[in-house]
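The file upload_7.cif contains mmCIF, C-alpha atoms and all ligand atoms:
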```
data_protein
loop_
_atom_site.label_atom_id
_atom_site.label_comp_id
_atom_site.auth_asym_id
_atom_site.auth_seq_id
_atom_site.Cartn_x
_atom_site.Cartn_y
_atom_site.Cartn_z
CA MET F 1 -5.09 17.60 -15.84
CA ALA F 2 -7.68 17.24 -13.10
CA LYS F 3 -6.07 17.13 -9.64
CA PRO F 4 -6.85 13.67 -8.22
CA LYS F 5 -7.11 13.07 -4.49
CA ILE F 6 -5.00 10.08 -3.49
CA THR F 7 -4.95 8.36 -0.10
CA ILE F 8 -1.86 6.29 0.63
CA ALA F 9 -2.55 3.60 3.24
CA PHE F 10 0.20 1.46 4.72
CA TYR F 11 0.81 -1.04 7.46
CA SER F 12 4.42 -1.63 8.48
CA THR F 13 5.89 -3.56 11.40
CA TYR F 14 9.54 -2.77 10.72
CA GLY F 15 9.50 0.21 8.35
CA THR F 16 9.73 -1.17 4.81
CA ASN F 17 6.15 -0.42 3.81
CA HIS F 18 6.31 2.91 5.61
CA GLY F 19 9.24 3.75 3.31
CA ILE F 20 7.30 2.60 0.21
CA ALA F 21 4.28 4.67 1.27
CA ALA F 22 6.38 7.79 1.88
CA ALA F 23 8.03 7.42 -1.55
CA ALA F 24 4.62 6.93 -3.15
CA ALA F 25 3.25 10.03 -1.40
CA LYS F 26 6.12 12.16 -2.69
CA ALA F 27 5.78 10.82 -6.23
CA ALA F 28 1.99 11.23 -6.28
CA GLU F 29 2.35 14.86 -5.18
CA GLU F 30 4.98 15.45 -7.84
CA ALA F 31 2.62 13.92 -10.40
CA GLY F 32 -0.03 16.51 -9.49
CA ALA F 33 -2.19 14.81 -6.85
CA GLU F 34 -3.45 16.01 -3.51
CA VAL F 35 -2.23 13.35 -1.08
CA ARG F 36 -3.13 12.00 2.35
CA LEU F 37 -0.57 9.61 3.88
CA ARG F 38 -2.28 7.40 6.46
CA ARG F 39 -1.36 4.38 8.56
CA ILE F 40 -3.44 1.26 8.99
CA PRO F 41 -3.98 0.68 12.71
CA GLU F 42 -1.92 -1.81 14.71
CA THR F 43 -3.91 -4.73 16.08
CA ALA F 44 -1.14 -6.60 17.94
CA PRO F 45 -1.23 -6.22 21.73
CA LYS F 46 0.90 -3.37 23.11
CA GLU F 47 3.09 -5.80 25.08
CA VAL F 48 3.92 -7.71 21.89
CA VAL F 49 4.85 -4.52 19.99
CA GLU F 50 6.91 -3.23 22.90
CA GLY F 51 8.56 -6.61 23.37
CA GLN F 52 10.48 -6.25 20.08
CA ASP F 53 12.88 -3.32 19.74
CA ALA F 54 12.49 -3.04 15.97
CA TRP F 55 8.68 -3.18 16.12
CA LYS F 56 8.56 -0.63 18.95
CA ALA F 57 10.91 1.70 17.03
CA GLN F 58 8.72 1.57 13.91
CA ALA F 59 5.57 2.22 15.98
CA GLU F 60 7.29 5.34 17.33
CA ARG F 61 8.44 6.45 13.85
CA ALA F 62 4.89 6.17 12.51
CA SER F 63 3.16 7.66 15.54
CA ASP F 64 2.77 11.14 14.09
CA ILE F 65 1.04 9.82 10.97
CA GLU F 66 -2.77 9.88 11.23
CA VAL F 67 -4.59 6.56 11.44
CA ILE F 68 -6.72 6.01 8.35
CA SER F 69 -10.42 6.83 8.71
CA PRO F 70 -13.46 6.09 6.52
CA ASP F 71 -13.39 9.79 5.52
CA ASP F 72 -9.90 9.34 4.04
CA LEU F 73 -11.40 6.76 1.68
CA LYS F 74 -14.55 8.73 0.86
CA TRP F 75 -12.39 11.80 0.15
CA ALA F 76 -10.04 9.97 -2.20
CA ASP F 77 -10.42 9.36 -5.93
CA GLY F 78 -7.68 6.73 -5.72
CA LEU F 79 -6.03 4.53 -3.12
CA PHE F 80 -2.43 3.28 -2.85
CA ILE F 81 -2.01 0.39 -0.38
CA SER F 82 1.29 -1.03 0.91
CA SER F 83 1.51 -4.00 3.27
CA PRO F 84 3.92 -6.75 4.35
CA THR F 85 3.39 -10.39 3.41
CA ARG F 86 2.35 -12.81 6.14
CA TYR F 87 2.36 -16.54 5.34
CA GLY F 88 1.75 -15.78 1.67
CA GLY F 89 -1.08 -13.30 2.24
CA MET F 90 -1.47 -9.71 3.38
CA ALA F 91 -0.70 -8.79 7.00
CA SER F 92 -3.59 -9.42 9.38
CA GLN F 93 -3.56 -5.72 10.30
CA THR F 94 -4.35 -4.89 6.66
CA ARG F 95 -7.01 -7.61 6.52
CA ALA F 96 -8.58 -6.32 9.75
CA TRP F 97 -8.69 -2.79 8.37
CA LEU F 98 -10.36 -3.97 5.13
CA ASP F 99 -12.85 -5.88 7.27
CA THR F 100 -13.92 -2.60 8.92
CA LEU F 101 -15.00 -1.18 5.56
CA GLY F 102 -18.30 -3.08 5.26
CA GLY F 103 -20.26 0.13 5.80
CA LEU F 104 -18.51 1.84 2.89
CA TRP F 105 -19.01 -1.28 0.77
CA MET F 106 -22.77 -1.25 1.53
CA GLU F 107 -23.04 2.43 0.62
CA GLY F 108 -21.10 1.86 -2.60
CA ALA F 109 -18.80 4.61 -1.38
CA LEU F 110 -15.69 3.12 -3.02
CA VAL F 111 -17.23 2.31 -6.41
CA ASN F 112 -15.15 3.55 -9.36
CA LYS F 113 -12.25 4.73 -7.22
CA THR F 114 -8.88 3.48 -8.40
CA VAL F 115 -6.53 1.27 -6.38
CA THR F 116 -2.96 0.07 -6.65
CA VAL F 117 -1.07 -2.22 -4.27
CA THR F 118 2.56 -2.87 -3.26
CA ALA F 119 4.06 -5.33 -0.77
CA SER F 120 7.22 -6.64 0.86
CA ALA F 121 8.36 -10.09 1.98
CA GLN F 122 11.48 -11.49 3.61
CA ASN F 123 12.16 -13.75 0.63
CA LYS F 124 12.26 -12.95 -3.06
CA ASN F 125 9.60 -15.57 -3.73
CA GLY F 126 8.01 -15.31 -0.28
CA GLY F 127 4.47 -14.58 -1.43
CA THR F 128 4.17 -10.91 -2.38
CA GLU F 129 2.21 -11.77 -5.52
CA GLY F 130 -0.41 -13.55 -3.40
CA ALA F 131 -0.51 -10.75 -0.84
CA ILE F 132 -1.05 -8.14 -3.55
CA GLN F 133 -3.63 -10.17 -5.45
CA GLN F 134 -5.67 -10.81 -2.29
CA THR F 135 -5.77 -7.08 -1.66
CA TYR F 136 -7.01 -6.41 -5.19
CA VAL F 137 -9.70 -9.08 -4.74
CA SER F 138 -11.12 -7.20 -1.74
CA ALA F 139 -10.90 -3.91 -3.66
CA MET F 140 -12.81 -5.52 -6.53
CA HIS F 141 -15.61 -6.36 -4.11
CA PHE F 142 -15.80 -2.64 -3.39
CA GLY F 143 -16.15 -1.91 -7.11
CA MET F 144 -12.74 -0.27 -7.22
CA ILE F 145 -10.66 -0.17 -10.40
CA PRO F 146 -7.20 -1.80 -10.13
CA VAL F 147 -4.41 0.20 -11.74
CA VAL F 148 -1.51 -2.23 -12.01
CA PRO F 149 1.97 -1.49 -13.37
CA GLY F 150 2.10 -4.53 -15.64
CA TYR F 151 5.19 -4.13 -17.80
CA ALA F 152 4.06 -0.74 -19.05
CA ASP F 153 7.37 0.89 -18.15
CA GLY F 154 10.99 -0.20 -18.51
CA VAL F 155 11.52 -0.02 -14.74
CA LYS F 156 9.55 -3.27 -14.42
CA PHE F 157 12.43 -5.05 -16.15
CA GLU F 158 14.80 -3.74 -13.49
CA ASP F 159 12.79 -4.05 -10.26
CA GLY F 160 12.17 -7.81 -10.15
CA GLY F 161 9.21 -7.60 -12.50
CA ASN F 162 6.12 -8.12 -10.36
CA PRO F 163 3.41 -6.89 -12.74
CA TYR F 164 0.71 -6.72 -10.03
CA GLY F 165 2.56 -4.14 -7.99
CA PHE F 166 6.03 -3.25 -6.77
CA SER F 167 7.40 -5.76 -4.29
CA THR F 168 10.62 -5.84 -2.36
CA GLN F 169 12.56 -7.47 0.45
CA PRO F 170 12.76 -5.63 3.79
CA GLY F 171 14.89 -2.55 4.27
CA GLU F 172 15.32 0.84 2.70
CA LEU F 173 14.22 1.29 -0.89
CA SER F 174 16.96 0.92 -3.47
CA ASP F 175 17.24 3.53 -6.22
CA VAL F 176 15.47 1.15 -8.61
CA GLY F 177 12.82 0.46 -5.96
CA ALA F 178 12.19 4.17 -5.48
CA LYS F 179 11.93 4.59 -9.25
CA SER F 180 9.43 1.74 -9.50
CA VAL F 181 7.27 3.02 -6.63
CA ALA F 182 7.31 6.48 -8.20
CA TYR F 183 6.25 4.98 -11.52
CA GLN F 184 3.36 3.08 -9.92
CA ALA F 185 2.19 6.16 -7.99
CA LYS F 186 2.40 8.35 -11.09
CA ARG F 187 0.45 5.82 -13.12
CA LEU F 188 -2.26 5.77 -10.44
CA VAL F 189 -2.45 9.57 -10.49
CA GLU F 190 -2.59 9.76 -14.30
CA VAL F 191 -5.24 7.05 -14.73
CA THR F 192 -7.31 8.54 -11.88
CA ALA F 193 -7.08 12.00 -13.45
CA LYS F 194 -8.56 10.60 -16.68
CA LEU F 195 -11.44 8.99 -14.79
CA ILE F 196 -12.38 12.14 -12.87
CA ALA F 197 -11.92 14.53 -15.81
C1 LIG F 201 4.02 -13.64 11.10
C2 LIG F 201 4.89 -13.35 9.93
C3 LIG F 201 4.71 -14.02 8.73
C4 LIG F 201 5.53 -13.76 7.64
N1 LIG F 201 5.32 -14.46 6.47
C5 LIG F 201 6.18 -14.28 5.43
C6 LIG F 201 6.04 -15.01 4.23
O1 LIG F 201 5.09 -15.76 4.02
N2 LIG F 201 6.98 -14.86 3.28
C7 LIG F 201 8.05 -14.02 3.44
O2 LIG F 201 8.90 -13.97 2.57
N3 LIG F 201 8.16 -13.23 4.54
C8 LIG F 201 7.26 -13.34 5.54
N4 LIG F 201 7.39 -12.58 6.66
C9 LIG F 201 8.34 -11.46 6.67
C10 LIG F 201 7.64 -10.13 6.40
O3 LIG F 201 6.99 -10.15 5.14
C11 LIG F 201 8.60 -8.93 6.49
O4 LIG F 201 8.97 -8.82 7.84
C12 LIG F 201 7.92 -7.68 6.00
O5 LIG F 201 7.73 -7.75 4.62
C13 LIG F 201 8.70 -6.42 6.34
O6 LIG F 201 7.85 -5.32 6.05
P1 LIG F 201 7.80 -4.12 7.10
O7 LIG F 201 9.23 -3.69 7.32
O8 LIG F 201 6.99 -3.04 6.43
O9 LIG F 201 7.15 -4.60 8.36
C14 LIG F 201 6.56 -12.80 7.75
C15 LIG F 201 6.73 -12.11 8.95
C16 LIG F 201 5.92 -12.38 10.03
C17 LIG F 201 6.13 -11.60 11.32
#
```
Starting from the file, lay out its structure as structure tokens.
Ligand SMILES: Cc1cc2nc3c(=O)[nH]c(=O)nc-3n(C[C@H](O)[C@H](O)[C@H](O)COP(=O)(O)O)c2cc1C
Amino acid sequence: MAKPKITIAFYSTYGTNHGIAAAAAKAAEEAGAEVRLRRIPETAPKEVVEGQDAWKAQAERASDIEVISPDDLKWADGLFISSPTRYGGMASQTRAWLDTLGGLWMEGALVNKTVTVTASAQNKNGGTEGAIQQTYVSAMHFGMIPVVPGYADGVKFEDGGNPYGFSTQPGELSDVGAKSVAYQAKRLVEVTAKLIA
């Protein structure tokens, strides 16, 4: 199998999507990929972040992870994105990051790279499907190729069954959650390996 290069990009206010991204990075490496784990930059003012203990603690936990750069996207054959839901869509930090990629879009630098998306929300039906779909829509503008889990593996009948991408409520990943994220990451690696072969 060709060794795909996978960039894992996450934004996380309280840690959930950081946990998903870390699990995806481990699984993608185990599936044979070369992996870069990167964080999407914070856009909220420092005083707002520092005004909430849980937000400040997550910012500290993620501080040694490199902020994603355009090179991390050019380098990659495939992209794994994880982001919280905000009012039924993706977090504004994720949106703002996507909005900085116009240069790469103009160059066609992301064309034919694969992409898969995961999300979290406070409520079971709080809008993760919308958040994930919006992210794929932007990726489609870049000419990227969505690699979705669908129901292609039995874990999708255990994990809540979001066919667009794993989604969860906040907190640490459950065993089933970890299994589902690993499945989605492995599928991304395997499909990407076929495309670059
Ligand atoms: C401004 C704001 C809007 C939110 N909107 C939603 C929402 O529409 N539906 C929902 O279930 N949860 C919503 N949440 C909860 C977040 O989705 C939740 O905190 C997040 O998924 C946790 O991920 P994290 O730990 O990676 O930050 C919202 C939170 C904030 C701060």
Dump as a tab-separated table the rows for residues of chain F within 10 Å of ligand LIG 201 (chain F): closest atom pair and distance in Å with one decimal, only C-alpha atoms and all ligand atoms counted, ordered by chain and rising residue number.
```
residue	atom	partner	partner_atom	distance
F:Phe10	CA	F:LIG201	O8	8.3
F:Tyr11	CA	F:LIG201	O8	6.6
F:Ser12	CA	F:LIG201	O8	3.6
F:Thr13	CA	F:LIG201	O9	3.5
F:Tyr14	CA	F:LIG201	O7	3.5
F:Gly15	CA	F:LIG201	O7	4.0
F:Thr16	CA	F:LIG201	O7	3.6
F:Asn17	CA	F:LIG201	O8	3.8
F:His18	CA	F:LIG201	O8	6.0
F:Gly19	CA	F:LIG201	O8	7.8
F:Ile20	CA	F:LIG201	O8	8.4
F:Ala21	CA	F:LIG201	O8	9.7
F:Ala54	CA	F:LIG201	O7	9.3
F:Trp55	CA	F:LIG201	O9	8.0
F:Gln58	CA	F:LIG201	O9	8.4
F:Ser82	CA	F:LIG201	O8	8.2
F:Ser83	CA	F:LIG201	O8	6.4
F:Pro84	CA	F:LIG201	O5	3.9
F:Thr85	CA	F:LIG201	O3	4.0
F:Arg86	CA	F:LIG201	N1	3.4
F:Tyr87	CA	F:LIG201	O1	3.1
F:Gly88	CA	F:LIG201	O1	4.1
F:Gly89	CA	F:LIG201	O1	6.9
F:Met90	CA	F:LIG201	O3	8.7
F:Ala91	CA	F:LIG201	C3	7.7
F:Ser92	CA	F:LIG201	C1	8.9
F:Ala119	CA	F:LIG201	O5	7.0
F:Ser120	CA	F:LIG201	O5	4.0
F:Ala121	CA	F:LIG201	O3	3.4
F:Gln122	CA	F:LIG201	O2	3.7
F:Asn123	CA	F:LIG201	O2	3.8
F:Lys124	CA	F:LIG201	O2	6.6
F:Asn125	CA	F:LIG201	O2	6.5
F:Gly126	CA	F:LIG201	O2	3.3
F:Gly127	CA	F:LIG201	N2	5.3
F:Thr128	CA	F:LIG201	N2	7.5
F:Gly130	CA	F:LIG201	O1	9.5
F:Ala131	CA	F:LIG201	O1	8.9
F:Ser167	CA	F:LIG201	O5	9.1
F:Thr168	CA	F:LIG201	O5	7.8
F:Gln169	CA	F:LIG201	O5	6.4
F:Pro170	CA	F:LIG201	C13	4.9
F:Gly171	CA	F:LIG201	O7	6.5
F:Glu172	CA	F:LIG201	O7	8.9
```
* Residue among F:Glu42, F:Glu60, F:Asp77, F:Asp159 lying closest to F:Val189, counting all atoms listed in the file -> F:Asp77
* Given only C-alpha atoms as the counted atoms, nearest of F:Ser138, F:Gln93, F:Thr192, F:Asn162 to F:Thr118 ->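 Of all the options, F:Asn162 lies closest to F:Thr118.
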* For atom CA of F:Val117 and atom CA of F:Ala9, quote the distance in Å rounded to one decimal. =>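 Separating atom CA of F:Val117 from atom CA of F:Ala9 is a distance of 9.6 Å.
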* Asked: atom CA of F:Ala22 and atom CA of F:Ala109, how far apart in Å?
  ->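 Distance reported for this atom pair: 25.6 Å.
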* Excluding stretch 98-100 of chain F and any residue of its chain fewer than 2 positions from it, enumerate the residues within 10 Å of it, using all atoms listed in the file, and give them as a list of chain:residue names. =>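 Here the qualifying residues turn out to be F:Ile40, F:Pro70, F:Ser92, F:Gln93, F:Thr94, F:Arg95, F:Ala96, F:Gly102, F:Gly103, F:Leu104, F:Trp105, F:Thr135, F:Ser138, F:Ala139.
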Write the residues you've just listed into a file as a JSON list (two decimals), in the frame of the given file, and include C-alpha atoms for each of them.
```json
[["chain", "number", "residue", "atom", "x", "y", "z"],
["F", 40, "ILE", "CA", -3.44, 1.26, 8.99],
["F", 70, "PRO", "CA", -13.46, 6.09, 6.52],
["F", 92, "SER", "CA", -3.59, -9.42, 9.38],
["F", 93, "GLN", "CA", -3.56, -5.72, 10.30],
["F", 94, "THR", "CA", -4.35, -4.89, 6.66],
["F", 95, "ARG", "CA", -7.01, -7.61, 6.52],
["F", 96, "ALA", "CA", -8.58, -6.32, 9.75],
["F", 102, "GLY", "CA", -18.30, -3.08, 5.26],
["F", 103, "GLY", "CA", -20.26, 0.13, 5.80],
["F", 104, "LEU", "CA", -18.51, 1.84, 2.89],
["F", 105, "TRP", "CA", -19.01, -1.28, 0.77],
["F", 135, "THR", "CA", -5.77, -7.08, -1.66],
["F", 138, "SER", "CA", -11.12, -7.20, -1.74],
["F", 139, "ALA", "CA", -10.90, -3.91, -3.66]]
```
Please build the interface table for stretch 20-125 of chain F against stretch 141-157 of chain F with a cut-off of 8 Å, listing for each qualifying residue the nearest atom pair and the distance in Å to one decimal; count all atoms listed in the file, order rows by chain and increasing number, and write it as CSV.
```
residue,atom,partner,partner_atom,distance
F:Trp105,CA,F:Phe142,CA,5.4
F:Gly108,CA,F:Phe142,CA,7.0
F:Leu110,CA,F:Phe142,CA,5.8
F:Val111,CA,F:Gly143,CA,4.4
F:Asn112,CA,F:Met144,CA,5.0
F:Lys113,CA,F:Met144,CA,5.0
F:Thr114,CA,F:Ile145,CA,4.5
F:Val115,CA,F:Pro146,CA,4.9
F:Thr116,CA,F:Val147,CA,5.3
F:Val117,CA,F:Val148,CA,7.8
```
Given the selection you just returned, output its residues as a file containing C-alpha atoms, formatted as a PDB file, in the frame of the given file.
```pdb
ATOM      1  CA  TRP F 105     -19.010  -1.280   0.770  1.00  0.00           C
ATOM      2  CA  GLY F 108     -21.100   1.860  -2.600  1.00  0.00           C
ATOM      3  CA  LEU F 110     -15.690   3.120  -3.020  1.00  0.00           C
ATOM      4  CA  VAL F 111     -17.230   2.310  -6.410  1.00  0.00           C
ATOM      5  CA  ASN F 112     -15.150   3.550  -9.360  1.00  0.00           C
ATOM      6  CA  LYS F 113     -12.250   4.730  -7.220  1.00  0.00           C
ATOM      7  CA  THR F 114      -8.880   3.480  -8.400  1.00  0.00           C
ATOM      8  CA  VAL F 115      -6.530   1.270  -6.380  1.00  0.00           C
ATOM      9  CA  THR F 116      -2.960   0.070  -6.650  1.00  0.00           C
ATOM     10  CA  VAL F 117      -1.070  -2.220  -4.270  1.00  0.00           C
TER      11      VAL F 117
END
```
Please determine an axis-aligned box that encloses all atoms of stretch 56-71 of chain F listed in the file, with 4 Å added on each side, and express its centre and edge lengths in Å to one decimal as JSON.
```
{"center_x": -1.3, "center_y": 5.3, "center_z": 12.2, "size_x": 32.4, "size_y": 19.8, "size_z": 21.4}
```
